[in-house]
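Below is model27.tsv, holding TSV, C-alpha atoms.
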```
chain	number	residue	atom	x	y	z
L	51	MET	CA	-23.18	10.56	28.82
L	52	GLN	CA	-21.85	7.62	26.83
L	53	TRP	CA	-18.78	5.58	27.74
L	54	THR	CA	-16.91	6.99	24.71
L	55	SER	CA	-17.23	10.49	26.14
L	56	ILE	CA	-15.70	9.31	29.40
L	57	LEU	CA	-12.91	7.65	27.41
L	58	TYR	CA	-12.26	10.93	25.54
L	59	ILE	CA	-11.97	12.79	28.83
L	60	VAL	CA	-9.57	10.21	30.28
L	61	VAL	CA	-7.38	10.17	27.13
L	62	PHE	CA	-7.22	13.97	27.10
L	63	ILE	CA	-6.24	14.13	30.78
L	64	VAL	CA	-3.49	11.52	30.25
L	65	ALA	CA	-2.16	13.43	27.21
L	66	ALA	CA	-2.21	16.73	29.10
L	67	VAL	CA	-0.31	15.19	32.02
L	68	ALA	CA	2.24	13.72	29.57
L	69	VAL	CA	2.78	17.16	28.02
L	70	GLY	CA	3.40	18.62	31.46
L	71	LEU	CA	5.81	15.89	32.52
L	72	PHE	CA	7.82	15.92	29.28
L	73	ARG	CA	8.02	19.75	29.24
L	74	ARG	CA	9.66	19.63	32.66
L	75	GLN	CA	12.22	17.03	31.54
L	76	VAL	CA	13.43	18.87	28.41
L	77	VAL	CA	16.94	20.28	28.94
L	78	TYR	CA	17.59	21.49	25.37
L	79	ALA	CA	14.35	22.59	23.75
L	80	ALA	CA	14.11	22.29	19.98
L	81	ARG	CA	12.80	25.16	17.91
L	82	ALA	CA	9.09	24.94	17.26
L	83	ARG	CA	7.87	24.06	13.80
L	84	ARG	CA	5.91	27.23	13.08
L	85	GLY	CA	3.97	25.86	10.12
L	86	TRP	CA	2.68	22.88	12.04
L	87	ARG	CA	1.92	24.99	15.12
L	88	ILE	CA	-0.13	27.43	13.03
L	89	PHE	CA	-1.95	24.52	11.36
L	90	TYR	CA	-2.85	22.93	14.70
L	91	LEU	CA	-4.01	26.24	16.21
L	92	VAL	CA	-6.18	27.06	13.20
L	93	ALA	CA	-7.64	23.53	13.23
L	94	ALA	CA	-8.35	23.80	16.98
L	95	GLY	CA	-10.07	27.15	16.44
L	96	LEU	CA	-12.21	25.79	13.61
L	97	ILE	CA	-13.19	22.70	15.57
L	98	LEU	CA	-14.05	24.81	18.62
L	99	ALA	CA	-16.20	27.18	16.56
L	100	MET	CA	-18.00	24.32	14.83
L	101	THR	CA	-18.53	22.51	18.13
L	102	LEU	CA	-20.09	25.57	19.72
L	103	VAL	CA	-22.34	26.19	16.71
L	104	ILE	CA	-23.44	22.65	15.83
L	105	SER	CA	-23.42	20.60	19.06
L	106	LYS	CA	-26.68	19.94	20.86
L	107	THR	CA	-25.86	17.14	23.33
L	108	VAL	CA	-23.24	16.70	26.01
L	109	ASP	CA	-21.60	13.88	24.02
L	110	GLU	CA	-21.25	16.11	20.97
L	111	TYR	CA	-19.66	18.85	23.07
L	112	VAL	CA	-17.27	16.38	24.71
L	113	SER	CA	-16.10	14.93	21.38
L	114	GLY	CA	-15.66	18.40	19.87
L	115	PHE	CA	-13.74	19.71	22.87
L	116	PHE	CA	-11.62	16.53	22.87
L	117	ILE	CA	-10.59	17.06	19.24
L	118	CYS	CA	-9.91	20.76	19.89
L	119	GLY	CA	-7.89	19.91	23.01
L	120	MET	CA	-5.81	17.29	21.22
L	121	PHE	CA	-4.96	19.80	18.47
L	122	LEU	CA	-3.80	22.19	21.21
L	123	ILE	CA	-1.70	19.45	22.78
L	124	PHE	CA	-0.08	18.76	19.40
L	125	ALA	CA	0.51	22.50	18.91
L	126	PHE	CA	2.31	22.98	22.22
L	127	TRP	CA	4.17	19.66	22.43
L	128	GLN	CA	7.78	20.45	23.38
L	129	ARG	CA	10.40	18.59	21.36
L	130	GLY	CA	13.97	18.39	22.61
L	131	LEU	CA	16.65	16.57	24.56
L	132	THR	CA	16.22	15.23	28.08
L	133	THR	CA	18.78	13.58	30.33
L	134	SER	CA	17.77	10.12	29.09
L	135	ALA	CA	15.99	10.46	25.73
L	136	VAL	CA	15.12	12.50	22.66
L	137	ILE	CA	11.50	13.65	22.61
L	138	ASN	CA	10.27	14.24	19.08
L	139	GLY	CA	6.53	13.81	19.36
L	140	LEU	CA	3.70	12.47	21.45
L	141	GLY	CA	4.49	8.92	20.32
L	142	SER	CA	8.20	9.36	19.65
L	143	VAL	CA	10.37	9.26	22.76
L	144	ARG	CA	13.64	7.47	22.05
L	145	ALA	CA	16.46	6.62	24.44
L	146	TYR	CA	19.96	7.71	23.40
L	147	ARG	CA	21.19	4.11	23.25
L	148	THR	CA	18.82	3.41	20.31
L	149	PHE	CA	20.68	5.79	17.99
L	150	SER	CA	23.65	4.67	15.95
L	151	ALA	CA	24.76	8.29	15.46
L	152	ILE	CA	23.68	11.85	16.08
L	153	ARG	CA	24.94	14.42	13.61
L	154	LEU	CA	25.15	18.05	14.61
L	155	GLN	CA	25.74	20.86	12.14
L	156	ALA	CA	25.87	24.63	12.49
L	157	ASP	CA	22.61	26.02	11.17
L	158	GLY	CA	23.08	29.42	9.53
L	159	THR	CA	24.50	32.18	11.69
L	160	SER	CA	23.41	30.69	15.00
L	161	GLY	CA	21.94	27.43	16.12
L	162	THR	CA	22.30	23.75	15.48
L	163	SER	CA	20.65	21.27	13.15
L	164	MET	CA	20.49	17.74	14.59
L	165	GLN	CA	19.88	14.46	12.79
L	166	ALA	CA	19.52	11.36	14.93
L	167	MET	CA	20.10	8.15	13.00
L	168	VAL	CA	19.29	4.48	13.41
L	169	GLY	CA	21.60	2.66	11.04
L	170	SER	CA	21.77	4.84	7.96
L	171	VAL	CA	18.22	6.18	8.31
L	172	THR	CA	17.51	9.58	9.86
L	173	VAL	CA	14.63	9.13	12.30
L	174	VAL	CA	14.64	12.49	14.11
L	175	LYS	CA	15.42	15.99	12.86
L	176	MET	CA	15.51	19.00	15.17
L	177	ARG	CA	16.89	22.50	15.31
L	178	PHE	CA	18.26	24.17	18.41
L	179	LYS	CA	19.19	27.76	19.26
L	180	ASP	CA	22.44	26.69	20.94
L	181	ASP	CA	25.87	26.23	19.36
L	182	PRO	CA	26.73	22.68	18.12
L	183	LYS	CA	29.60	22.44	20.63
L	184	PHE	CA	27.28	22.93	23.61
L	185	VAL	CA	24.74	20.42	22.32
L	186	ALA	CA	27.54	17.93	21.54
L	187	LYS	CA	28.98	18.34	25.03
L	188	PHE	CA	25.57	17.56	26.53
L	189	LEU	CA	25.05	14.53	24.25
L	190	LYS	CA	28.54	13.10	24.82
L	191	ARG	CA	27.77	12.87	28.55
L	192	ARG	CA	24.57	10.95	27.81
L	193	MET	CA	25.72	8.48	25.14
L	194	ASP	CA	28.86	7.01	23.55
L	195	PRO	CA	30.93	10.09	22.58
L	196	GLN	CA	32.03	8.45	19.31
L	197	ARG	CA	28.42	8.40	18.09
L	198	VAL	CA	28.09	12.20	18.40
L	199	ILE	CA	29.39	13.72	15.16
L	200	ILE	CA	29.85	17.42	14.51
L	201	VAL	CA	29.70	18.11	10.75
L	202	GLN	CA	31.52	21.23	9.56
```

Write out the structure in this file as structure tokens.
Amino acid sequence: MQWTSILYIVVFIVAAVAVGLFRRQVVYAARARRGWRIFYLVAAGLILAMTLVISKTVDEYVSGFFICGMFLIFAFWQRGLTTSAVINGLGSVRAYRTFSAIRLQADGTSGTSMQAMVGSVTVVKMRFKDDPKFVAKFLKRRMDPQRVIIVQ
């Protein structure tokens, strides 16, 4: 087994632990992006099938399973609000103090659309099942209440 295979295993374990830790911290879970989730699951399935058919060595199996596993991690990554930060992606965890404003707007018949901004640029977009008032109440306890804006 090559050193890159060991590195793949270590990176996958770290990513899996991060998913577990961040899932526990999420207080308000954002709605999943169905299109991306389907894409990642299909890609993971294709990579798994190709790995099982084509691979002949342990290193080939490890790299194929690593790619498949990372697609699964991306598919089931939980986005949302924690007590100290907004989790948008594997590499996008931002503390509330970094946002200049968070705009909340009623989304259709039920739910909330959130846009977190740095300056005048929207850096995070999420949708929640909860009413904007409940999300705003949670956010106002975590950051400057004047930076939480409910748009009618």

Within 6 Å of (-26.8, 17.7, 25.9) (coordinates as in the file), grab all the protein and nucleic acid residues, counting all atoms listed in the file, and write them out as a PyMOL selection string. chain L and resi 106-108

Could you name the residues that touch Ser113 of chain L at 10 Å or less, counting all atoms listed in the file, but leaving out those on the same chain fewer than 2 positions away, as a VMD selection string? chain L and resid 54 to 59 101 105 108 to 111 115 to 119

Skip segment 66-79 of chain L itself and residues of its chain fewer than 2 positions away, then list as a PyMOL selection string all residues within 7 Å of it, counting all atoms listed in the file. chain L and resi 62-64+81+123+127-132+178

Between L:Thr133, L:Ala145, L:Leu140, L:Val168, which one has atoms that come closest to Phe188 of chain L, using all atoms listed in the file? L:Thr133

Pick the closest to Lys179 of chain L from L:Gln155, L:Ile199, L:Leu96, L:Ala65: which is it, counting all atoms listed in the file?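 Among the listed residues, L:Gln155 lies closest to Lys179 of chain L.
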
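From atom CA of Met176 of chain L back to atom CA of Arg84 of chain L, the distance works out to 12.8 Å.
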
Name the residues in contact with Pro195 of chain L at a cut-off of 12 Å, using only C-alpha atoms, excluding same-chain residues fewer than 5 positions from it; report them as a JSON list (two decimals) with C-alpha atoms, in the frame of the given file.
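Saved file around09.json follows:
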```
[["chain", "number", "residue", "atom", "x", "y", "z"],
["L", 146, "TYR", "CA", 19.96, 7.71, 23.40],
["L", 147, "ARG", "CA", 21.19, 4.11, 23.25],
["L", 150, "SER", "CA", 23.65, 4.67, 15.95],
["L", 151, "ALA", "CA", 24.76, 8.29, 15.46],
["L", 152, "ILE", "CA", 23.68, 11.85, 16.08],
["L", 153, "ARG", "CA", 24.94, 14.42, 13.61],
["L", 186, "ALA", "CA", 27.54, 17.93, 21.54],
["L", 187, "LYS", "CA", 28.98, 18.34, 25.03],
["L", 188, "PHE", "CA", 25.57, 17.56, 26.53],
["L", 189, "LEU", "CA", 25.05, 14.53, 24.25],
["L", 190, "LYS", "CA", 28.54, 13.10, 24.82],
["L", 200, "ILE", "CA", 29.85, 17.42, 14.51]]
```

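Taking atom CA of Met167 of chain L as the reference point, atom CA of Asp180 of chain L is found at 20.3 Å.
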
Identify, on the basis of all atoms listed in the file, every residue whose closest approach to Ile88 of chain L does not exceed 12 Å; exclude the query and any residue fewer than 5 positions from it along the same chain; express the result as a PDB file with C-alpha atoms, in the frame of the given file.
```
ATOM      1  CA  ALA L  82       9.090  24.940  17.260  1.00  0.00           C
ATOM      2  CA  ARG L  83       7.870  24.060  13.800  1.00  0.00           C
ATOM      3  CA  ALA L  93      -7.640  23.530  13.230  1.00  0.00           C
ATOM      4  CA  ALA L  94      -8.350  23.800  16.980  1.00  0.00           C
ATOM      5  CA  GLY L  95     -10.070  27.150  16.440  1.00  0.00           C
ATOM      6  CA  PHE L 121      -4.960  19.800  18.470  1.00  0.00           C
ATOM      7  CA  LEU L 122      -3.800  22.190  21.210  1.00  0.00           C
ATOM      8  CA  PHE L 124      -0.080  18.760  19.400  1.00  0.00           C
ATOM      9  CA  ALA L 125       0.510  22.500  18.910  1.00  0.00           C
ATOM     10  CA  PHE L 126       2.310  22.980  22.220  1.00  0.00           C
TER      11      PHE L 126
END
```

Is it possible to get the axis-aligned box enclosing segment 86-100 of chain L (all listed atoms, 3 Å extra per side) as JSON, with centre and edge lengths in Å rounded to one decimal?
```
{"center_x": -7.7, "center_y": 25.1, "center_z": 15.0, "size_x": 26.7, "size_y": 10.7, "size_z": 13.3}
```

Here atom CA of Val60 of chain L and atom CA of Gly114 of chain L stand apart by 14.6 Å

I'd like to know which of L:Val171, L:Val201, L:Met51, L:Val61 is closest to Leu154 of chain L, using only C-alpha atoms.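 Closest to Leu154 of chain L of all the choices is L:Val201.
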
Generate a file for segment 134-146 of chain L, containing all heavy atoms, as an mmCIF file, in the first residue's frame.
```cif
data_model
loop_
_atom_site.group_PDB
_atom_site.id
_atom_site.type_symbol
_atom_site.label_atom_id
_atom_site.label_comp_id
_atom_site.auth_asym_id
_atom_site.auth_seq_id
_atom_site.Cartn_x
_atom_site.Cartn_y
_atom_site.Cartn_z
ATOM 1 N N SER L 134 -22.834 29.317 17.150
ATOM 2 C CA SER L 134 -21.738 30.272 16.958
ATOM 3 C C SER L 134 -21.426 30.598 15.502
ATOM 4 O O SER L 134 -20.661 31.520 15.244
ATOM 5 C CB SER L 134 -20.467 29.737 17.618
ATOM 6 O OG SER L 134 -20.107 28.505 17.023
ATOM 7 N N ALA L 135 -22.000 29.856 14.548
ATOM 8 C CA ALA L 135 -21.611 30.057 13.154
ATOM 9 C C ALA L 135 -22.690 29.571 12.193
ATOM 10 O O ALA L 135 -23.625 28.878 12.580
ATOM 11 C CB ALA L 135 -20.309 29.306 12.869
ATOM 12 N N VAL L 136 -22.498 29.948 10.932
ATOM 13 C CA VAL L 136 -23.325 29.456 9.835
ATOM 14 C C VAL L 136 -22.493 28.428 9.083
ATOM 15 O O VAL L 136 -21.372 28.709 8.654
ATOM 16 C CB VAL L 136 -23.732 30.609 8.881
ATOM 17 C CG1 VAL L 136 -24.479 30.076 7.676
ATOM 18 C CG2 VAL L 136 -24.566 31.641 9.616
ATOM 19 N N ILE L 137 -23.027 27.224 8.942
ATOM 20 C CA ILE L 137 -22.329 26.166 8.218
ATOM 21 C C ILE L 137 -22.979 26.045 6.848
ATOM 22 O O ILE L 137 -24.152 25.703 6.737
ATOM 23 C CB ILE L 137 -22.417 24.820 8.966
ATOM 24 C CG1 ILE L 137 -21.750 24.950 10.320
ATOM 25 C CG2 ILE L 137 -21.792 23.715 8.136
ATOM 26 C CD1 ILE L 137 -21.873 23.725 11.185
ATOM 27 N N ASN L 138 -22.203 26.339 5.814
ATOM 28 C CA ASN L 138 -22.726 26.278 4.454
ATOM 29 C C ASN L 138 -22.154 25.102 3.682
ATOM 30 O O ASN L 138 -22.825 24.520 2.859
ATOM 31 C CB ASN L 138 -22.437 27.582 3.712
ATOM 32 C CG ASN L 138 -23.178 27.674 2.406
ATOM 33 O OD1 ASN L 138 -24.310 27.227 2.292
ATOM 34 N ND2 ASN L 138 -22.541 28.227 1.402
ATOM 35 N N GLY L 139 -20.921 24.764 3.935
ATOM 36 C CA GLY L 139 -20.299 23.663 3.215
ATOM 37 C C GLY L 139 -19.112 23.151 3.985
ATOM 38 O O GLY L 139 -18.767 23.665 5.053
ATOM 39 N N LEU L 140 -18.458 22.145 3.420
ATOM 40 C CA LEU L 140 -17.318 21.530 4.085
ATOM 41 C C LEU L 140 -16.221 22.556 4.379
ATOM 42 O O LEU L 140 -15.600 22.528 5.423
ATOM 43 C CB LEU L 140 -16.762 20.399 3.217
ATOM 44 C CG LEU L 140 -15.722 19.492 3.826
ATOM 45 C CD1 LEU L 140 -16.272 18.816 5.071
ATOM 46 C CD2 LEU L 140 -15.277 18.445 2.836
ATOM 47 N N GLY L 141 -16.035 23.516 3.489
ATOM 48 C CA GLY L 141 -15.008 24.531 3.688
ATOM 49 C C GLY L 141 -15.573 25.898 3.988
ATOM 50 O O GLY L 141 -14.874 26.900 3.895
ATOM 51 N N SER L 142 -16.849 25.973 4.349
ATOM 52 C CA SER L 142 -17.487 27.269 4.551
ATOM 53 C C SER L 142 -18.235 27.303 5.875
ATOM 54 O O SER L 142 -19.446 27.114 5.930
ATOM 55 C CB SER L 142 -18.443 27.563 3.394
ATOM 56 O OG SER L 142 -19.097 28.788 3.596
ATOM 57 N N VAL L 143 -17.493 27.540 6.934
ATOM 58 C CA VAL L 143 -18.065 27.733 8.261
ATOM 59 C C VAL L 143 -17.704 29.155 8.670
ATOM 60 O O VAL L 143 -16.533 29.489 8.809
ATOM 61 C CB VAL L 143 -17.500 26.709 9.276
ATOM 62 C CG1 VAL L 143 -18.068 26.946 10.649
ATOM 63 C CG2 VAL L 143 -17.769 25.294 8.800
ATOM 64 N N ARG L 144 -18.728 29.993 8.823
ATOM 65 C CA ARG L 144 -18.478 31.415 9.106
ATOM 66 C C ARG L 144 -19.138 31.839 10.412
ATOM 67 O O ARG L 144 -20.319 31.573 10.617
ATOM 68 C CB ARG L 144 -19.034 32.284 7.974
ATOM 69 C CG ARG L 144 -18.362 32.040 6.650
ATOM 70 C CD ARG L 144 -19.059 32.839 5.564
ATOM 71 N NE ARG L 144 -18.500 32.538 4.270
ATOM 72 C CZ ARG L 144 -17.762 33.374 3.566
ATOM 73 N NH1 ARG L 144 -17.483 34.564 4.036
ATOM 74 N NH2 ARG L 144 -17.307 33.022 2.398
ATOM 75 N N ALA L 145 -18.382 32.531 11.243
ATOM 76 C CA ALA L 145 -18.910 33.051 12.501
ATOM 77 C C ALA L 145 -19.886 34.184 12.209
ATOM 78 O O ALA L 145 -19.775 34.888 11.200
ATOM 79 C CB ALA L 145 -17.768 33.548 13.382
ATOM 80 N N TYR L 146 -20.855 34.375 13.089
ATOM 81 C CA TYR L 146 -21.874 35.407 12.889
ATOM 82 C C TYR L 146 -21.269 36.799 12.811
ATOM 83 O O TYR L 146 -21.764 37.654 12.088
ATOM 84 C CB TYR L 146 -22.912 35.354 14.014
ATOM 85 C CG TYR L 146 -23.768 34.114 13.973
ATOM 86 C CD1 TYR L 146 -23.803 33.235 15.040
ATOM 87 C CD2 TYR L 146 -24.547 33.819 12.860
ATOM 88 C CE1 TYR L 146 -24.588 32.102 15.010
ATOM 89 C CE2 TYR L 146 -25.332 32.686 12.813
ATOM 90 C CZ TYR L 146 -25.345 31.832 13.893
ATOM 91 O OH TYR L 146 -26.120 30.709 13.849
#
```
